[in-house]
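Step one of this worksheet: look at the structure below.
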Amino acid sequence: MESQPATDLAMMRLALDAAAEAAGRGEVPVGAVVACGEEVVSVAANEREATKDPTAHAELLAIRRASESLGGWRLSGCTLYATLEPCPMCAGAAHAARIARIVYAAPDPKAGYAGTLHNTPQDTRLNHVIPVRSGLLAEEAATLLKSFFRSRRRKTL
């Protein structure tokens, strides 16, 4: 699938806005967007603290909401944008939803399953592979995460 740098950049900026908003609510600042071409289908941020739901990751919520909006679970024409590399659960959900492409900002050295610890989207043992673009606005996403956790550590001291 062809990359569209201007669209990718615009969608990642939306995801970063969602992540920043989540930080303001005390959530780990991760945001996600599902888009079909230039059309935004859903935007979400982490909601684990608010919902007390361990599965309320930004990517999973964006996928759920996109499926609702489009009226079906197959998101084969869509791209998932995330400010942090998807974890095992979110990479699996993207695969199950037949996401066409994944674009993420910062790598996750502790839970990244789109190239860092494992590469679920590119695992040829599965029934299809998903192209992945990484590092888009990575510095901005990493700064947001570092600032959030630095702030949290200061509050507990």
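Going through the structure tokens in order, the chains are called A, B, and so on, while each chain numbers its residues from 1 and the ligands are numbered from 1 in the order shown.
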request  = For Cys90 in chain A, work out the shell of residues within 8 Å, counting only C-alpha atoms and skipping chain neighbours fewer than 2 positions away, then give it as a PyMOL selection string.
outcome  = chain A and resi 57+59-60+86-88+92-94
Using only N, CA, C and O atoms, please write the residues we just selected to a file, as a short mmCIF file (atom, residue, chain, number, x, y, z; two decimals), in the first residue's frame.
```cif
data_model
loop_
_atom_site.label_atom_id
_atom_site.label_comp_id
_atom_site.auth_asym_id
_atom_site.auth_seq_id
_atom_site.Cartn_x
_atom_site.Cartn_y
_atom_site.Cartn_z
N HIS A 57 -6.90 0.60 25.80
CA HIS A 57 -5.77 1.24 25.13
C HIS A 57 -6.31 2.08 23.97
O HIS A 57 -7.33 1.74 23.37
N GLU A 59 -5.37 2.40 20.87
CA GLU A 59 -5.51 1.70 19.60
C GLU A 59 -6.76 0.82 19.58
O GLU A 59 -7.49 0.79 18.60
N LEU A 60 -6.97 0.10 20.67
CA LEU A 60 -8.13 -0.80 20.74
C LEU A 60 -9.43 0.00 20.70
O LEU A 60 -10.37 -0.38 19.99
N PRO A 86 2.34 -0.32 19.01
CA PRO A 86 1.30 -1.18 19.60
C PRO A 86 1.88 -2.32 20.43
O PRO A 86 2.90 -2.93 20.08
N CYS A 87 1.19 -2.60 21.53
CA CYS A 87 1.53 -3.72 22.41
C CYS A 87 1.02 -5.01 21.77
O CYS A 87 0.38 -4.97 20.71
N PRO A 88 1.26 -6.18 22.41
CA PRO A 88 0.75 -7.43 21.83
C PRO A 88 -0.76 -7.43 21.59
O PRO A 88 -1.22 -7.86 20.54
N GLY A 92 -2.41 -7.39 17.86
CA GLY A 92 -3.32 -8.48 17.54
C GLY A 92 -4.68 -7.98 17.10
O GLY A 92 -5.28 -8.52 16.16
N ALA A 93 -5.17 -6.93 17.75
CA ALA A 93 -6.47 -6.36 17.38
C ALA A 93 -6.41 -5.76 15.98
O ALA A 93 -7.35 -5.91 15.18
N ALA A 94 -5.30 -5.10 15.65
CA ALA A 94 -5.14 -4.54 14.30
C ALA A 94 -5.15 -5.65 13.26
O ALA A 94 -5.77 -5.54 12.20
#
```
Find the residues around range 30-35 of chain A up to 10 Å (only C-alpha atoms counted), leave out those fewer than 5 positions away in its own chain, and share them as a tab-separated table (two decimals) with all heavy atoms, in the first residue's frame.
```tsv
chain	number	residue	atom	x	y	z
A	7	THR	N	-0.69	12.99	4.58
A	7	THR	CA	-1.82	12.41	5.32
A	7	THR	C	-1.30	11.76	6.60
A	7	THR	O	-1.89	11.94	7.67
A	7	THR	CB	-2.58	11.38	4.46
A	7	THR	OG1	-3.09	12.06	3.31
A	7	THR	CG2	-3.71	10.73	5.22
A	8	ASP	N	-0.22	11.00	6.49
A	8	ASP	CA	0.35	10.35	7.67
A	8	ASP	C	0.69	11.39	8.74
A	8	ASP	O	0.38	11.20	9.92
A	8	ASP	CB	1.61	9.56	7.31
A	8	ASP	CG	1.31	8.28	6.56
A	8	ASP	OD1	0.14	7.92	6.39
A	8	ASP	OD2	2.29	7.62	6.14
A	11	MET	N	-2.54	12.84	10.35
A	11	MET	CA	-3.21	11.88	11.23
A	11	MET	C	-2.41	11.67	12.51
A	11	MET	O	-2.99	11.55	13.60
A	11	MET	CB	-3.42	10.55	10.51
A	11	MET	CG	-4.33	10.64	9.31
A	11	MET	SD	-5.95	11.31	9.71
A	11	MET	CE	-6.59	11.57	8.05
A	12	MET	N	-1.08	11.64	12.41
A	12	MET	CA	-0.27	11.48	13.61
A	12	MET	C	-0.40	12.70	14.51
A	12	MET	O	-0.40	12.57	15.73
A	12	MET	CB	1.19	11.22	13.26
A	12	MET	CG	2.02	10.81	14.46
A	12	MET	SD	1.45	9.28	15.29
A	12	MET	CE	1.99	8.08	14.07
A	13	ARG	N	-0.55	13.87	13.93
A	13	ARG	CA	-0.75	15.07	14.76
A	13	ARG	C	-2.08	14.98	15.52
A	13	ARG	O	-2.17	15.37	16.69
A	13	ARG	CB	-0.69	16.32	13.91
A	13	ARG	CG	0.72	16.61	13.42
A	13	ARG	CD	0.98	18.07	13.13
A	13	ARG	NE	2.31	18.27	12.59
A	13	ARG	CZ	3.44	18.24	13.28
A	13	ARG	NH1	3.40	18.00	14.57
A	13	ARG	NH2	4.60	18.44	12.70
A	14	LEU	N	-3.11	14.44	14.88
A	14	LEU	CA	-4.38	14.21	15.58
A	14	LEU	C	-4.20	13.23	16.74
A	14	LEU	O	-4.75	13.43	17.83
A	14	LEU	CB	-5.43	13.65	14.63
A	14	LEU	CG	-6.14	14.61	13.70
A	14	LEU	CD1	-7.08	13.84	12.76
A	14	LEU	CD2	-6.93	15.64	14.48
A	15	ALA	N	-3.44	12.17	16.49
A	15	ALA	CA	-3.18	11.18	17.54
A	15	ALA	C	-2.39	11.81	18.69
A	15	ALA	O	-2.67	11.54	19.87
A	15	ALA	CB	-2.42	9.98	16.95
A	16	LEU	N	-1.43	12.67	18.37
A	16	LEU	CA	-0.65	13.36	19.41
A	16	LEU	C	-1.54	14.31	20.22
A	16	LEU	O	-1.38	14.41	21.44
A	16	LEU	CB	0.52	14.12	18.80
A	16	LEU	CG	1.72	13.26	18.43
A	16	LEU	CD1	2.66	14.02	17.51
A	16	LEU	CD2	2.46	12.78	19.68
A	17	ASP	N	-2.47	14.98	19.57
A	17	ASP	CA	-3.42	15.84	20.28
A	17	ASP	C	-4.26	15.02	21.26
A	17	ASP	O	-4.49	15.44	22.41
A	17	ASP	CB	-4.35	16.56	19.30
A	17	ASP	CG	-3.64	17.65	18.50
A	17	ASP	OD1	-2.51	18.05	18.86
A	17	ASP	OD2	-4.24	18.11	17.50
A	18	ALA	N	-4.71	13.85	20.82
A	18	ALA	CA	-5.49	12.96	21.69
A	18	ALA	C	-4.64	12.49	22.87
A	18	ALA	O	-5.12	12.43	24.01
A	18	ALA	CB	-6.03	11.78	20.90
A	19	ALA	N	-3.37	12.19	22.61
A	19	ALA	CA	-2.47	11.74	23.67
A	19	ALA	C	-2.25	12.85	24.70
A	19	ALA	O	-2.28	12.60	25.91
A	19	ALA	CB	-1.13	11.31	23.07
A	20	ALA	N	-2.07	14.07	24.23
A	20	ALA	CA	-1.87	15.20	25.15
A	20	ALA	C	-3.11	15.42	26.01
A	20	ALA	O	-3.01	15.70	27.21
A	20	ALA	CB	-1.52	16.46	24.35
A	21	GLU	N	-4.27	15.28	25.40
A	21	GLU	CA	-5.52	15.42	26.13
A	21	GLU	C	-5.64	14.33	27.20
A	21	GLU	O	-6.07	14.58	28.32
A	21	GLU	CB	-6.69	15.36	25.14
A	21	GLU	CG	-8.05	15.65	25.75
A	21	GLU	CD	-8.74	14.38	26.24
A	21	GLU	OE1	-8.54	13.32	25.64
A	21	GLU	OE2	-9.49	14.47	27.23
A	22	ALA	N	-5.21	13.13	26.88
A	22	ALA	CA	-5.24	12.03	27.84
A	22	ALA	C	-4.34	12.31	29.04
A	22	ALA	O	-4.71	12.03	30.18
A	22	ALA	CB	-4.83	10.72	27.17
A	23	ALA	N	-3.17	12.86	28.78
A	23	ALA	CA	-2.24	13.20	29.86
A	23	ALA	C	-2.90	14.16	30.84
A	23	ALA	O	-2.74	14.02	32.06
A	23	ALA	CB	-0.96	13.81	29.29
A	40	VAL	N	-10.87	10.74	8.54
A	40	VAL	CA	-10.74	10.27	9.92
A	40	VAL	C	-12.00	9.50	10.28
A	40	VAL	O	-13.11	10.02	10.16
A	40	VAL	CB	-10.55	11.47	10.89
A	40	VAL	CG1	-10.54	10.98	12.33
A	40	VAL	CG2	-9.29	12.23	10.55
A	41	VAL	N	-11.83	8.26	10.70
A	41	VAL	CA	-12.97	7.43	11.09
A	41	VAL	C	-13.15	7.45	12.61
A	41	VAL	O	-14.27	7.51	13.10
A	41	VAL	CB	-12.81	5.99	10.58
A	41	VAL	CG1	-13.99	5.12	10.98
A	41	VAL	CG2	-12.62	5.97	9.07
A	42	SER	N	-12.04	7.43	13.35
A	42	SER	CA	-12.13	7.49	14.81
A	42	SER	C	-10.83	8.02	15.38
A	42	SER	O	-9.76	7.87	14.79
A	42	SER	CB	-12.44	6.11	15.40
A	42	SER	OG	-11.37	5.22	15.17
A	43	VAL	N	-10.96	8.63	16.54
A	43	VAL	CA	-9.82	9.14	17.31
A	43	VAL	C	-10.04	8.68	18.74
A	43	VAL	O	-11.16	8.78	19.26
A	43	VAL	CB	-9.73	10.68	17.27
A	43	VAL	CG1	-8.54	11.17	18.09
A	43	VAL	CG2	-9.65	11.19	15.84
A	44	ALA	N	-9.00	8.20	19.39
A	44	ALA	CA	-9.13	7.75	20.78
A	44	ALA	C	-7.82	7.95	21.51
A	44	ALA	O	-6.76	8.11	20.90
A	44	ALA	CB	-9.53	6.27	20.82
A	45	ALA	N	-7.93	7.95	22.82
A	45	ALA	CA	-6.76	8.01	23.70
A	45	ALA	C	-6.96	6.97	24.80
A	45	ALA	O	-8.07	6.46	24.98
A	45	ALA	CB	-6.62	9.40	24.30
A	46	ASN	N	-5.90	6.68	25.52
A	46	ASN	CA	-6.02	5.73	26.61
A	46	ASN	C	-7.13	6.15	27.57
A	46	ASN	O	-7.29	7.33	27.86
A	46	ASN	CB	-4.70	5.65	27.39
A	46	ASN	CG	-3.71	4.71	26.76
A	46	ASN	OD1	-4.00	4.03	25.79
A	46	ASN	ND2	-2.52	4.66	27.32
A	47	GLU	N	-7.87	5.16	28.06
A	47	GLU	CA	-8.95	5.39	29.03
A	47	GLU	C	-8.91	4.37	30.15
A	47	GLU	O	-9.92	4.11	30.80
A	47	GLU	CB	-10.32	5.34	28.33
A	47	GLU	CG	-10.54	6.43	27.32
A	47	GLU	CD	-11.91	6.36	26.64
A	47	GLU	OE1	-12.78	5.56	27.08
A	47	GLU	OE2	-12.10	7.10	25.67
A	57	HIS	N	-6.90	0.60	25.80
A	57	HIS	CA	-5.77	1.24	25.13
A	57	HIS	C	-6.31	2.08	23.97
A	57	HIS	O	-7.33	1.74	23.37
A	57	HIS	CB	-4.81	0.20	24.57
A	57	HIS	CG	-4.01	-0.52	25.60
A	57	HIS	ND1	-2.84	-1.16	25.29
A	57	HIS	CD2	-4.20	-0.70	26.94
A	57	HIS	CE1	-2.34	-1.72	26.39
A	57	HIS	NE2	-3.15	-1.45	27.40
A	58	ALA	N	-5.59	3.13	23.63
A	58	ALA	CA	-6.02	4.04	22.56
A	58	ALA	C	-6.28	3.29	21.26
A	58	ALA	O	-7.30	3.52	20.60
A	58	ALA	CB	-4.96	5.12	22.35
A	59	GLU	N	-5.37	2.40	20.87
A	59	GLU	CA	-5.51	1.70	19.60
A	59	GLU	C	-6.76	0.82	19.58
A	59	GLU	O	-7.49	0.79	18.60
A	59	GLU	CB	-4.28	0.82	19.31
A	59	GLU	CG	-2.97	1.56	19.28
A	59	GLU	CD	-2.24	1.56	20.62
A	59	GLU	OE1	-2.89	1.60	21.68
A	59	GLU	OE2	-0.99	1.54	20.60
A	60	LEU	N	-6.97	0.10	20.67
A	60	LEU	CA	-8.13	-0.80	20.74
A	60	LEU	C	-9.43	0.00	20.70
A	60	LEU	O	-10.37	-0.38	19.99
A	60	LEU	CB	-8.04	-1.64	22.01
A	60	LEU	CG	-8.77	-2.95	22.02
A	60	LEU	CD1	-8.31	-3.85	20.90
A	60	LEU	CD2	-8.56	-3.66	23.35
A	61	LEU	N	-9.47	1.11	21.41
A	61	LEU	CA	-10.66	1.95	21.39
A	61	LEU	C	-10.90	2.55	20.01
A	61	LEU	O	-12.04	2.60	19.53
A	61	LEU	CB	-10.53	3.06	22.43
A	61	LEU	CG	-10.50	2.59	23.89
A	61	LEU	CD1	-10.15	3.75	24.82
A	61	LEU	CD2	-11.79	1.92	24.30
A	62	ALA	N	-9.83	2.98	19.35
A	62	ALA	CA	-9.96	3.55	18.00
A	62	ALA	C	-10.48	2.49	17.03
A	62	ALA	O	-11.33	2.77	16.18
A	62	ALA	CB	-8.63	4.13	17.53
A	63	ILE	N	-9.98	1.27	17.15
A	63	ILE	CA	-10.43	0.17	16.28
A	63	ILE	C	-11.91	-0.14	16.55
A	63	ILE	O	-12.70	-0.28	15.61
A	63	ILE	CB	-9.55	-1.07	16.47
A	63	ILE	CG1	-8.17	-0.83	15.85
A	63	ILE	CG2	-10.20	-2.33	15.88
A	63	ILE	CD1	-7.12	-1.88	16.20
A	64	ARG	N	-12.29	-0.23	17.83
A	64	ARG	CA	-13.69	-0.50	18.17
A	64	ARG	C	-14.62	0.57	17.61
A	64	ARG	O	-15.66	0.28	17.03
A	64	ARG	CB	-13.86	-0.56	19.69
A	64	ARG	CG	-13.36	-1.80	20.35
A	64	ARG	CD	-13.56	-1.71	21.84
A	64	ARG	NE	-12.96	-2.84	22.51
A	64	ARG	CZ	-12.56	-2.82	23.78
A	64	ARG	NH1	-12.73	-1.74	24.51
A	64	ARG	NH2	-12.03	-3.89	24.32
A	65	ARG	N	-14.23	1.82	17.81
A	65	ARG	CA	-15.07	2.94	17.36
A	65	ARG	C	-15.13	3.03	15.84
A	65	ARG	O	-16.17	3.37	15.27
A	65	ARG	CB	-14.56	4.24	17.98
A	65	ARG	CG	-14.80	4.24	19.49
A	65	ARG	CD	-14.13	5.39	20.19
A	65	ARG	NE	-14.29	5.20	21.65
A	65	ARG	CZ	-13.58	5.84	22.56
A	65	ARG	NH1	-12.68	6.74	22.19
A	65	ARG	NH2	-13.78	5.60	23.84
A	66	ALA	N	-14.03	2.70	15.17
A	66	ALA	CA	-14.03	2.70	13.70
A	66	ALA	C	-14.96	1.61	13.18
A	66	ALA	O	-15.72	1.83	12.23
A	66	ALA	CB	-12.61	2.49	13.17
A	67	SER	N	-14.93	0.44	13.81
A	67	SER	CA	-15.82	-0.65	13.40
A	67	SER	C	-17.28	-0.25	13.58
A	67	SER	O	-18.11	-0.53	12.72
A	67	SER	CB	-15.51	-1.91	14.20
A	67	SER	OG	-14.22	-2.39	13.87
A	75	LEU	N	-11.62	-3.65	8.71
A	75	LEU	CA	-11.11	-2.30	8.45
A	75	LEU	C	-10.00	-2.37	7.39
A	75	LEU	O	-9.00	-1.67	7.48
A	75	LEU	CB	-10.60	-1.67	9.75
A	75	LEU	CG	-11.63	-1.60	10.89
A	75	LEU	CD1	-10.99	-1.03	12.15
A	75	LEU	CD2	-12.84	-0.78	10.48
A	77	GLY	N	-9.46	-1.25	4.48
A	77	GLY	CA	-9.00	-0.08	3.74
A	77	GLY	C	-8.43	1.00	4.63
A	77	GLY	O	-8.17	2.11	4.17
A	78	CYS	N	-8.23	0.70	5.90
A	78	CYS	CA	-7.88	1.74	6.88
A	78	CYS	C	-6.46	1.61	7.41
A	78	CYS	O	-5.87	0.53	7.41
A	78	CYS	CB	-8.85	1.67	8.06
A	78	CYS	SG	-10.57	1.93	7.62
A	79	THR	N	-5.96	2.73	7.89
A	79	THR	CA	-4.65	2.79	8.54
A	79	THR	C	-4.86	3.11	10.01
A	79	THR	O	-5.69	3.96	10.36
A	79	THR	CB	-3.77	3.89	7.89
A	79	THR	OG1	-3.57	3.57	6.52
A	79	THR	CG2	-2.42	3.99	8.57
A	80	LEU	N	-4.10	2.44	10.86
A	80	LEU	CA	-4.08	2.73	12.29
A	80	LEU	C	-2.85	3.57	12.58
A	80	LEU	O	-1.73	3.16	12.26
A	80	LEU	CB	-4.03	1.43	13.11
A	80	LEU	CG	-3.81	1.58	14.61
A	80	LEU	CD1	-4.99	2.29	15.27
A	80	LEU	CD2	-3.57	0.22	15.26
A	81	TYR	N	-3.07	4.75	13.14
A	81	TYR	CA	-1.98	5.64	13.57
A	81	TYR	C	-1.94	5.61	15.08
A	81	TYR	O	-2.98	5.75	15.73
A	81	TYR	CB	-2.25	7.08	13.11
A	81	TYR	CG	-2.27	7.22	11.61
A	81	TYR	CD1	-3.45	7.03	10.90
A	81	TYR	CD2	-1.12	7.54	10.91
A	81	TYR	CE1	-3.48	7.16	9.51
A	81	TYR	CE2	-1.13	7.67	9.53
A	81	TYR	CZ	-2.32	7.47	8.84
A	81	TYR	OH	-2.34	7.59	7.47
A	82	ALA	N	-0.75	5.46	15.66
A	82	ALA	CA	-0.62	5.42	17.11
A	82	ALA	C	0.65	6.17	17.52
A	82	ALA	O	1.67	6.10	16.83
A	82	ALA	CB	-0.56	3.98	17.61
A	83	THR	N	0.57	6.85	18.65
A	83	THR	CA	1.72	7.61	19.10
A	83	THR	C	2.78	6.73	19.74
A	83	THR	O	3.92	7.15	19.89
A	83	THR	CB	1.29	8.70	20.11
A	83	THR	OG1	0.65	8.09	21.23
A	83	THR	CG2	0.36	9.69	19.44
A	84	LEU	N	2.42	5.52	20.12
A	84	LEU	CA	3.36	4.55	20.69
A	84	LEU	C	3.18	3.23	19.96
A	84	LEU	O	2.07	2.85	19.59
A	84	LEU	CB	3.07	4.36	22.19
A	84	LEU	CG	4.02	3.48	22.98
A	84	LEU	CD1	5.44	4.06	23.01
A	84	LEU	CD2	3.51	3.29	24.41
A	85	GLU	N	4.28	2.53	19.77
A	85	GLU	CA	4.23	1.22	19.11
A	85	GLU	C	3.20	0.32	19.78
A	85	GLU	O	3.18	0.21	21.01
A	85	GLU	CB	5.61	0.57	19.20
A	85	GLU	CG	5.70	-0.79	18.56
A	85	GLU	CD	7.10	-1.38	18.66
A	85	GLU	OE1	7.99	-0.74	19.26
A	85	GLU	OE2	7.30	-2.49	18.14
A	86	PRO	N	2.34	-0.32	19.01
A	86	PRO	CA	1.30	-1.18	19.60
A	86	PRO	C	1.88	-2.32	20.43
A	86	PRO	O	2.90	-2.93	20.08
A	86	PRO	CB	0.56	-1.72	18.38
A	86	PRO	CG	0.77	-0.68	17.32
A	86	PRO	CD	2.17	-0.19	17.56
A	99	ILE	N	-6.69	-4.38	9.52
A	99	ILE	CA	-6.12	-3.05	9.25
A	99	ILE	C	-5.13	-3.17	8.09
A	99	ILE	O	-4.36	-4.13	8.02
A	99	ILE	CB	-5.42	-2.51	10.53
A	99	ILE	CG1	-6.44	-2.13	11.59
A	99	ILE	CG2	-4.47	-1.38	10.22
A	99	ILE	CD1	-7.20	-0.85	11.35
A	101	ARG	N	-2.70	-0.90	7.21
A	101	ARG	CA	-1.39	-0.31	7.49
A	101	ARG	C	-1.34	0.18	8.92
A	101	ARG	O	-2.35	0.61	9.46
A	101	ARG	CB	-1.23	0.94	6.60
A	101	ARG	CG	-0.10	0.94	5.68
A	101	ARG	CD	-0.18	2.19	4.75
A	101	ARG	NE	0.87	3.08	5.09
A	101	ARG	CZ	0.75	4.34	5.41
A	101	ARG	NH1	-0.41	4.94	5.40
A	101	ARG	NH2	1.79	5.05	5.72
A	102	ILE	N	-0.16	0.14	9.51
A	102	ILE	CA	0.06	0.71	10.84
A	102	ILE	C	1.17	1.74	10.73
A	102	ILE	O	2.23	1.46	10.14
A	102	ILE	CB	0.45	-0.36	11.87
A	102	ILE	CG1	-0.69	-1.37	12.06
A	102	ILE	CG2	0.85	0.27	13.20
A	102	ILE	CD1	-0.33	-2.58	12.93
A	103	VAL	N	0.92	2.91	11.30
A	103	VAL	CA	1.94	3.96	11.38
A	103	VAL	C	2.04	4.33	12.85
A	103	VAL	O	1.03	4.66	13.47
A	103	VAL	CB	1.55	5.20	10.54
A	103	VAL	CG1	2.61	6.29	10.68
A	103	VAL	CG2	1.35	4.83	9.08
A	104	TYR	N	3.25	4.24	13.42
A	104	TYR	CA	3.39	4.65	14.81
A	104	TYR	C	4.57	5.59	14.99
A	104	TYR	O	5.48	5.64	14.16
A	104	TYR	CB	3.46	3.45	15.76
A	104	TYR	CG	4.71	2.62	15.70
A	104	TYR	CD1	5.83	2.97	16.45
A	104	TYR	CD2	4.77	1.45	14.95
A	104	TYR	CE1	6.97	2.20	16.43
A	104	TYR	CE2	5.90	0.67	14.93
A	104	TYR	CZ	7.01	1.04	15.68
A	104	TYR	OH	8.14	0.27	15.65
A	141	ALA	N	6.26	12.36	20.43
A	141	ALA	CA	5.54	11.35	21.22
A	141	ALA	C	6.36	10.93	22.44
A	141	ALA	O	5.82	10.82	23.55
A	141	ALA	CB	5.22	10.13	20.36
A	144	LEU	N	6.33	13.66	25.14
A	144	LEU	CA	5.06	13.66	25.86
A	144	LEU	C	5.03	12.55	26.92
A	144	LEU	O	4.65	12.80	28.07
A	144	LEU	CB	3.92	13.47	24.85
A	144	LEU	CG	2.48	13.65	25.32
A	144	LEU	CD1	2.26	15.02	25.93
A	144	LEU	CD2	1.54	13.45	24.15
A	145	LEU	N	5.46	11.36	26.55
A	145	LEU	CA	5.49	10.24	27.50
A	145	LEU	C	6.48	10.50	28.64
A	145	LEU	O	6.15	10.31	29.81
A	145	LEU	CB	5.85	8.95	26.77
A	145	LEU	CG	4.74	8.34	25.92
A	145	LEU	CD1	5.31	7.40	24.87
A	145	LEU	CD2	3.74	7.62	26.81
```
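In this structure, CA of Leu9 in chain A sits 7.3 Å away from CA of Leu136 in chain A.
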message = Just to confirm, what's the straight-line distance from CA of Gly72 in chain A to CA of Ala100 in chain A in Å (one decimal)?
response =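 Distance between the two atoms: 14.8 Å.
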task = Name the residues of range 5-150 of chain A that fall into strand (DSSP E) according to DSSP on the backbone, using the chain letters and numbers of this document, as a ChimeraX atom specification.
result = /A:31-36,39-45,79-84,101-106,132-134
So which bits of range 25-141 of chain A end up alpha helix (DSSP H) when you DSSP the backbone, as a PDB file with C-alpha atoms, in the first residue's frame?
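Wrote states-v4.pdb, looks like this:
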```
ATOM      1  CA  ARG A  48      -7.665   2.705  31.394  1.00  0.00           C
ATOM      2  CA  GLU A  49      -7.759   4.883  34.509  1.00  0.00           C
ATOM      3  CA  ALA A  50     -11.188   6.359  33.792  1.00  0.00           C
ATOM      4  CA  THR A  51     -12.826   3.059  32.881  1.00  0.00           C
ATOM      5  CA  ALA A  58      -6.017   4.040  22.562  1.00  0.00           C
ATOM      6  CA  GLU A  59      -5.512   1.696  19.601  1.00  0.00           C
ATOM      7  CA  LEU A  60      -8.125  -0.800  20.740  1.00  0.00           C
ATOM      8  CA  LEU A  61     -10.663   1.954  21.394  1.00  0.00           C
ATOM      9  CA  ALA A  62      -9.963   3.546  18.002  1.00  0.00           C
ATOM     10  CA  ILE A  63     -10.434   0.172  16.282  1.00  0.00           C
ATOM     11  CA  ARG A  64     -13.691  -0.502  18.174  1.00  0.00           C
ATOM     12  CA  ARG A  65     -15.068   2.941  17.355  1.00  0.00           C
ATOM     13  CA  ALA A  66     -14.030   2.699  13.700  1.00  0.00           C
ATOM     14  CA  SER A  67     -15.818  -0.646  13.403  1.00  0.00           C
ATOM     15  CA  GLU A  68     -18.954   0.890  14.932  1.00  0.00           C
ATOM     16  CA  SER A  69     -18.753   3.904  12.640  1.00  0.00           C
ATOM     17  CA  LEU A  70     -18.209   1.833   9.497  1.00  0.00           C
ATOM     18  CA  PRO A  88       0.754  -7.433  21.829  1.00  0.00           C
ATOM     19  CA  MET A  89      -2.981  -6.890  22.409  1.00  0.00           C
ATOM     20  CA  CYS A  90      -3.240  -3.870  20.104  1.00  0.00           C
ATOM     21  CA  ALA A  91      -1.090  -5.402  17.359  1.00  0.00           C
ATOM     22  CA  GLY A  92      -3.324  -8.483  17.537  1.00  0.00           C
ATOM     23  CA  ALA A  93      -6.473  -6.363  17.377  1.00  0.00           C
ATOM     24  CA  ALA A  94      -5.135  -4.540  14.301  1.00  0.00           C
ATOM     25  CA  HIS A  95      -4.485  -7.906  12.680  1.00  0.00           C
ATOM     26  CA  ALA A  96      -7.934  -9.234  13.616  1.00  0.00           C
ATOM     27  CA  ALA A 138       8.693   9.932  17.388  1.00  0.00           C
ATOM     28  CA  GLU A 139      10.486  12.682  19.275  1.00  0.00           C
ATOM     29  CA  GLU A 140       7.238  14.532  20.026  1.00  0.00           C
ATOM     30  CA  ALA A 141       5.539  11.347  21.221  1.00  0.00           C
TER      31      ALA A 141
END
```
